[in-house]
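Visitor: If it helps, the file is called work_21.cif and holds mmCIF, C-alpha atoms:
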```cif
data_entry
#
loop_
_atom_site.label_atom_id
_atom_site.label_comp_id
_atom_site.auth_asym_id
_atom_site.auth_seq_id
_atom_site.Cartn_x
_atom_site.Cartn_y
_atom_site.Cartn_z
CA GLU R 1 261.52 -107.55 67.34
CA GLU R 2 259.40 -104.49 68.02
CA PRO R 3 259.60 -102.02 65.12
CA VAL R 4 261.48 -98.83 65.92
CA LEU R 5 262.06 -95.69 63.90
CA PRO R 6 265.65 -95.53 62.60
CA VAL R 7 267.92 -92.98 64.20
CA SER R 8 270.12 -91.42 61.55
CA ARG R 9 273.82 -91.77 62.22
CA PRO R 10 276.38 -89.15 61.12
CA LEU R 11 277.50 -89.37 57.52
CA ALA R 12 281.02 -88.09 58.23
CA GLY R 13 283.34 -91.04 58.78
CA LEU R 14 280.90 -93.60 57.45
CA ARG R 15 282.89 -96.43 55.85
CA LEU R 16 281.39 -97.61 52.56
CA ALA R 17 282.86 -100.10 50.09
CA ILE R 18 282.06 -100.30 46.38
CA PRO R 19 282.65 -103.84 45.09
CA ARG R 20 284.97 -103.99 42.09
CA GLU R 21 283.43 -107.24 40.91
CA ILE R 22 280.15 -107.79 39.06
CA MET R 23 277.89 -105.21 40.71
CA ARG R 24 278.70 -102.40 38.25
CA ASP R 25 279.17 -104.54 35.15
CA GLY R 26 276.97 -103.52 32.24
CA MET R 27 275.90 -100.17 33.66
CA ASP R 28 274.29 -97.92 31.08
CA ALA R 29 275.30 -94.27 30.67
CA THR R 30 272.44 -92.88 32.78
CA VAL R 31 273.00 -95.20 35.72
CA THR R 32 276.76 -94.68 35.54
CA ALA R 33 276.50 -90.90 35.63
CA THR R 34 273.86 -90.92 38.38
CA PHE R 35 275.76 -93.42 40.53
CA GLU R 36 279.03 -91.54 40.20
CA ARG R 37 277.32 -88.26 41.09
CA ALA R 38 275.81 -89.85 44.20
CA VAL R 39 279.17 -91.24 45.28
CA ALA R 40 280.82 -87.84 44.77
CA THR R 41 278.10 -86.18 46.85
CA LEU R 42 278.59 -88.58 49.73
CA LYS R 43 282.37 -88.16 49.63
CA THR R 44 282.01 -84.38 49.68
CA GLN R 45 279.91 -84.65 52.84
CA GLY R 46 282.47 -86.80 54.65
CA ALA R 47 281.73 -90.44 53.85
CA LEU R 48 284.81 -92.63 53.40
CA ILE R 49 284.22 -94.57 50.19
CA VAL R 50 286.68 -97.04 48.69
CA GLU R 51 286.62 -99.64 45.93
CA VAL R 52 287.35 -103.12 47.23
CA SER R 53 287.72 -106.56 45.64
CA PHE R 54 285.37 -109.21 47.00
CA GLN R 55 286.28 -112.62 45.57
CA PRO R 56 283.18 -114.30 47.11
CA LEU R 57 281.00 -112.40 44.63
CA LEU R 58 282.80 -114.26 41.84
CA ASP R 59 282.31 -117.58 43.61
CA ILE R 60 278.51 -117.37 43.60
CA GLY R 61 278.11 -118.12 39.89
CA PRO R 62 280.17 -121.35 39.91
CA ALA R 63 278.40 -122.47 43.08
CA MET R 64 275.07 -122.15 41.26
CA SER R 65 276.25 -123.83 38.04
CA ARG R 66 273.94 -126.82 38.62
CA GLY R 67 271.02 -124.63 39.57
CA GLY R 68 270.16 -122.13 42.27
CA PHE R 69 267.71 -122.21 45.16
CA THR R 70 264.83 -120.51 43.38
CA GLY R 71 264.08 -123.29 40.89
CA PRO R 72 263.70 -126.30 43.20
CA GLU R 73 262.08 -124.32 46.01
CA SER R 74 259.58 -122.73 43.60
CA PHE R 75 258.85 -126.08 41.97
CA ASP R 76 258.20 -127.63 45.37
CA GLY R 77 255.57 -124.99 46.08
CA HIS R 78 253.99 -125.08 42.63
CA ARG R 79 254.23 -128.72 41.53
CA ASP R 80 250.63 -129.67 42.30
CA LEU R 81 249.19 -126.53 40.76
CA LEU R 82 251.43 -126.90 37.70
CA ALA R 83 250.17 -130.44 37.21
CA ARG R 84 246.54 -129.32 37.37
CA LYS R 85 246.63 -125.85 35.80
CA GLY R 86 250.04 -125.43 34.21
CA ASP R 87 248.52 -124.01 31.04
CA LEU R 88 247.31 -120.97 33.01
CA TYR R 89 250.83 -119.95 34.06
CA ASP R 90 252.71 -117.21 32.26
CA PRO R 91 254.96 -119.28 29.94
CA ARG R 92 258.06 -117.32 30.97
CA VAL R 93 257.37 -117.86 34.65
CA ARG R 94 256.61 -121.53 34.12
CA SER R 95 259.85 -122.00 32.18
CA ARG R 96 261.79 -120.74 35.19
CA ILE R 97 260.00 -122.98 37.70
CA GLU R 98 259.87 -126.34 35.93
CA PRO R 99 263.67 -126.90 35.60
CA GLY R 100 263.75 -126.99 39.41
CA ALA R 101 262.40 -130.53 39.18
CA ASP R 102 265.70 -131.67 37.68
CA MET R 103 267.99 -130.54 40.51
CA THR R 104 269.19 -133.51 42.55
CA ALA R 105 269.23 -133.62 46.34
CA ALA R 106 273.02 -133.95 46.20
CA ASP R 107 273.28 -130.79 44.10
CA TYR R 108 271.08 -128.92 46.56
CA VAL R 109 273.17 -130.08 49.53
CA ALA R 110 276.38 -129.06 47.74
CA LEU R 111 274.94 -125.66 46.91
CA SER R 112 273.88 -125.12 50.52
CA ALA R 113 277.37 -126.00 51.75
CA ALA R 114 278.98 -123.69 49.18
CA ARG R 115 276.65 -120.91 50.23
CA ARG R 116 277.72 -121.22 53.85
CA ARG R 117 281.39 -121.03 52.85
CA ILE R 118 280.83 -118.01 50.59
CA ILE R 119 278.81 -116.18 53.25
CA ALA R 120 281.54 -116.75 55.84
CA ALA R 121 284.22 -115.50 53.45
CA MET R 122 282.19 -112.41 52.52
CA ASP R 123 281.42 -111.64 56.16
CA ALA R 124 285.12 -111.61 56.97
CA LEU R 125 285.93 -109.25 54.09
CA THR R 126 283.14 -106.77 54.77
CA ALA R 127 283.69 -106.54 58.53
CA PRO R 128 285.72 -103.27 58.28
CA TYR R 129 282.90 -101.47 56.44
CA ASP R 130 279.53 -100.11 57.51
CA ALA R 131 277.85 -101.08 54.24
CA LEU R 132 278.44 -101.89 50.58
CA LEU R 133 277.45 -99.39 47.91
CA MET R 134 276.27 -100.21 44.38
CA PRO R 135 273.54 -99.42 41.84
CA THR R 136 270.27 -101.21 42.58
CA CYS R 137 269.97 -102.04 38.87
CA PRO R 138 272.77 -101.46 36.35
CA ILE R 139 270.40 -100.27 33.63
CA MET R 140 267.32 -98.12 33.34
CA ALA R 141 263.97 -99.90 33.23
CA PRO R 142 263.53 -101.29 29.69
CA ARG R 143 260.58 -100.42 27.49
CA ILE R 144 257.95 -103.12 27.11
CA ALA R 145 258.80 -103.43 23.40
CA GLU R 146 262.35 -104.44 24.32
CA LEU R 147 260.99 -107.53 26.08
CA ALA R 148 259.08 -109.00 23.14
CA GLU R 149 261.67 -111.69 22.36
CA ASP R 150 262.22 -114.36 25.00
CA ALA R 151 266.01 -114.28 24.78
CA GLU R 152 266.16 -110.53 25.37
CA TYR R 153 263.55 -110.72 28.12
CA PHE R 154 265.57 -113.30 30.06
CA ARG R 155 268.84 -111.39 29.51
CA LEU R 156 267.39 -108.12 30.80
CA ASN R 157 265.50 -109.82 33.61
CA ALA R 158 268.70 -111.44 34.86
CA LEU R 159 270.58 -108.15 34.62
CA LEU R 160 267.92 -106.23 36.55
CA LEU R 161 267.79 -108.88 39.30
CA ARG R 162 271.54 -109.48 39.47
CA ASN R 163 272.63 -107.19 42.29
CA SER R 164 269.72 -107.89 44.59
CA SER R 165 270.02 -111.63 43.97
CA LYS R 166 273.65 -111.54 45.13
CA GLY R 167 272.43 -110.03 48.38
CA ASN R 168 269.82 -112.80 48.67
CA PHE R 169 272.46 -115.48 48.18
CA LEU R 170 274.66 -113.84 50.84
CA ASP R 171 271.71 -113.64 53.27
CA ARG R 172 272.08 -109.88 53.62
CA CYS R 173 269.66 -107.02 54.07
CA SER R 174 269.66 -104.23 51.49
CA ILE R 175 267.82 -101.00 50.84
CA SER R 176 267.39 -98.98 47.65
CA LEU R 177 267.42 -95.17 47.82
CA PRO R 178 266.48 -92.82 44.98
CA CYS R 179 269.60 -91.00 43.78
CA ASN R 180 268.47 -89.41 40.50
CA ALA R 181 268.06 -85.68 40.03
CA PRO R 182 264.53 -84.32 40.57
CA GLY R 183 262.40 -84.95 37.51
CA ALA R 184 264.88 -87.40 35.99
CA ALA R 185 264.15 -91.08 35.36
CA PRO R 186 264.49 -93.13 38.56
CA VAL R 187 267.83 -94.66 39.50
CA GLY R 188 268.37 -96.58 42.73
CA LEU R 189 271.40 -96.53 45.01
CA MET R 190 271.61 -99.82 46.90
CA LEU R 191 273.16 -100.15 50.33
CA MET R 192 273.90 -103.72 51.37
CA GLY R 193 274.33 -104.41 55.08
CA GLU R 194 275.29 -107.40 57.14
CA THR R 195 273.11 -110.44 57.82
CA SER R 196 270.29 -109.41 60.20
CA GLY R 197 271.78 -105.92 60.31
CA ASP R 198 268.53 -104.18 59.39
CA LYS R 199 268.59 -101.63 62.23
CA ALA R 200 272.13 -100.53 61.46
CA LEU R 201 271.35 -100.34 57.74
CA PHE R 202 268.25 -98.19 58.31
CA ALA R 203 270.34 -95.74 60.35
CA ILE R 204 272.92 -95.54 57.56
CA ALA R 205 270.23 -95.18 54.91
CA ALA R 206 268.58 -92.32 56.78
CA CYS R 207 271.71 -90.18 56.71
CA ILE R 208 272.55 -91.04 53.10
CA GLU R 209 269.00 -90.30 51.94
CA ALA R 210 269.18 -86.90 53.59
CA ALA R 211 272.59 -86.20 52.06
CA LEU R 212 271.39 -87.04 48.55
CA ALA R 213 268.33 -84.82 48.93
CA ARG R 214 270.37 -81.67 49.58
#
```
As structure tokens, please, write out the structure in this file.

Guide:
Amino acid sequence: EEPVLPVSRPLAGLRLAIPREIMRDGMDATVTATFERAVATLKTQGALIVEVSFQPLLDIGPAMSRGGFTGPESFDGHRDLLARKGDLYDPRVRSRIEPGADMTAADYVALSAARRRIIAAMDALTAPYDALLMPTCPIMAPRIAELAEDAEYFRLNALLLRNSSKGNFLDRCSISLPCNAPGAAPVGLMLMGETSGDKALFAIAACIEAALAR
């Protein structure tokens, strides 16, 4: 498609849903306060925001219990280079790629089928809403010193990637908007749209970005 500048749509009457499941779990105090302030601002300016349960979000984890898409697809792209120059990889990156070799074709087929079912179920539930609303990351960016131990690195890495990875699994477009007060540490407000709904999402984002800047 030819790129076009988004045309902002009116904020009043915009229907936004905040998922009750997963997407706000583990929020720290700063992100919680900033997110709640952003939601209150949008409500004051006429957006219709409700909390809604989305069971498909809970189904993603069990569907990926034997491995996700990233491991086997990354291993497929890196296998030759790993064999020749594996010692040059960041050990933490390598440790995430190599297990992809152990996923069976049957597991991959089952995961793909589960993904199609979950996407269809989520599409049906989100149809009444213009977009989903959630924090981009549930916590502030950690300090480098907090990532020294592997276990803590992988825990924080998974937490920071969690919300965007759910959108990837659901084959949806998303956009992150700054919602922190001027001069404060950055916090992102994520809007998740429908599959291939980029144009509609940009129009929604334009009006929300303007509302948060007032």

Visitor: Within 9 Å of segment 16-26 of chain R, which residues of segment 61-144 of chain R show up? Give each one with its shortest atom-to-atom distance in Å (one decimal) and the two atoms involved, counting all atoms listed in the file, rows by chain then rising residue number, as JSON lines.

Guide:
```
{"residue": "R:Thr126", "atom": "CA", "partner": "R:Ala17", "partner_atom": "CA", "distance": 8.2}
{"residue": "R:Tyr129", "atom": "CA", "partner": "R:Leu16", "partner_atom": "CA", "distance": 5.7}
{"residue": "R:Asp130", "atom": "CA", "partner": "R:Leu16", "partner_atom": "CA", "distance": 5.8}
{"residue": "R:Ala131", "atom": "CA", "partner": "R:Leu16", "partner_atom": "CA", "distance": 5.2}
{"residue": "R:Leu132", "atom": "CA", "partner": "R:Ala17", "partner_atom": "CA", "distance": 4.8}
{"residue": "R:Leu133", "atom": "CA", "partner": "R:Ile18", "partner_atom": "CA", "distance": 4.9}
{"residue": "R:Met134", "atom": "CA", "partner": "R:Ile18", "partner_atom": "CA", "distance": 6.1}
{"residue": "R:Pro135", "atom": "CA", "partner": "R:Arg24", "partner_atom": "CA", "distance": 7.0}
{"residue": "R:Thr136", "atom": "CA", "partner": "R:Met23", "partner_atom": "CA", "distance": 8.8}
{"residue": "R:Cys137", "atom": "CA", "partner": "R:Met23", "partner_atom": "CA", "distance": 8.7}
{"residue": "R:Pro138", "atom": "CA", "partner": "R:Gly26", "partner_atom": "CA", "distance": 6.2}
{"residue": "R:Ile139", "atom": "CA", "partner": "R:Gly26", "partner_atom": "CA", "distance": 7.5}
```

Visitor: For this file, the PyMOL selection byres ((chain R and resi 63-77) around 9) selects which residues, as a PyMOL selection string?

Guide: chain R and resi 59-62+78-82+96-103+107-108+110-112+114-115+169

Visitor: Please return, as a PyMOL selection string, all polymer residues that have at least one atom within 12 Å of the point (285.8, -86.5, 51.9); use all atoms listed in the file and the file's own coordinate frame.

Guide: chain R and resi 11-16+39-50

Visitor: Go ahead and save the picked residues with C-alpha atoms, as a PDB file, keeping the file's coordinate frame.

Guide:
```pdb
ATOM      1  CA  LEU R  11     277.500 -89.370  57.520  1.00  0.00           C
ATOM      2  CA  ALA R  12     281.020 -88.090  58.230  1.00  0.00           C
ATOM      3  CA  GLY R  13     283.340 -91.040  58.780  1.00  0.00           C
ATOM      4  CA  LEU R  14     280.900 -93.600  57.450  1.00  0.00           C
ATOM      5  CA  ARG R  15     282.890 -96.430  55.850  1.00  0.00           C
ATOM      6  CA  LEU R  16     281.390 -97.610  52.560  1.00  0.00           C
ATOM      7  CA  VAL R  39     279.170 -91.240  45.280  1.00  0.00           C
ATOM      8  CA  ALA R  40     280.820 -87.840  44.770  1.00  0.00           C
ATOM      9  CA  THR R  41     278.100 -86.180  46.850  1.00  0.00           C
ATOM     10  CA  LEU R  42     278.590 -88.580  49.730  1.00  0.00           C
ATOM     11  CA  LYS R  43     282.370 -88.160  49.630  1.00  0.00           C
ATOM     12  CA  THR R  44     282.010 -84.380  49.680  1.00  0.00           C
ATOM     13  CA  GLN R  45     279.910 -84.650  52.840  1.00  0.00           C
ATOM     14  CA  GLY R  46     282.470 -86.800  54.650  1.00  0.00           C
ATOM     15  CA  ALA R  47     281.730 -90.440  53.850  1.00  0.00           C
ATOM     16  CA  LEU R  48     284.810 -92.630  53.400  1.00  0.00           C
ATOM     17  CA  ILE R  49     284.220 -94.570  50.190  1.00  0.00           C
ATOM     18  CA  VAL R  50     286.680 -97.040  48.690  1.00  0.00           C
TER      19      VAL R  50
END
```

Visitor: State, in Å with one decimal place, the distance from atom CA of Ser164 of chain R to atom CA of Met192 of chain R.

Guide: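 Result for atom CA of Ser164 of chain R versus atom CA of Met192 of chain R: 9.0 Å, one decimal.
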
Visitor: Pick the closest to Lys199 of chain R from R:Ile119, R:Ala151, R:Leu212, R:Cys173: which is it, counting all atoms listed in the file?

Guide: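 With all atoms listed in the file as the atom set, the closest residue is R:Cys173.
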
Visitor: At what distance in Å, to one decimal, does atom CA of Ser174 of chain R lie from atom CA of Met190 of chain R?

Guide: 6.7 Å

Visitor: Could you state which residues are captured by the PyMOL selection byres ((chain R and resi 197) around 12) in this file, as a ChimeraX atom specification?

Guide: /R:123,130-131,171-175,191-196,198-204

Visitor: For the file shown, what are the residues hit by the PyMOL selection byres ((chain R and resi 186) around 12), laid out as a list in words?

Guide: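 Here the PyMOL selection byres ((chain R and resi 186) around 12) matches Thr30, Val31, Thr34, Phe35, Pro135, Thr136, Cys137, Pro138, Ile139, Met140, Ala141, Ser176, Leu177, Pro178, Cys179, Asn180, Ala181, Pro182, Gly183, Ala184, Ala185, Val187, Gly188 and Leu189 of chain R.
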
Visitor: Between R:Arg92, R:Ala29, R:Asp87, R:Val109, which residue has the minimum interatomic distance to Leu147 of chain R, considering only C-alpha atoms?

Guide: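 Looking only at the distances to Leu147 of chain R, the closest residue turns out to be R:Arg92.
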
Visitor: Just give me the gap between atom CA of Arg116 of chain R and atom CA of Asn163 of chain R in Å, one decimal is fine.

Guide: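 Straight-line distance from atom CA of Arg116 of chain R to atom CA of Asn163 of chain R works out to 18.9 Å.
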
Visitor: Need the axis-aligned box for segment 2-8 of chain R with 4 Å each side, so what are the centre and edges in Å to one decimal, as JSON?

Guide:
```
{"center_x": 264.8, "center_y": -98.0, "center_z": 64.8, "size_x": 18.7, "size_y": 21.1, "size_z": 14.5}
```
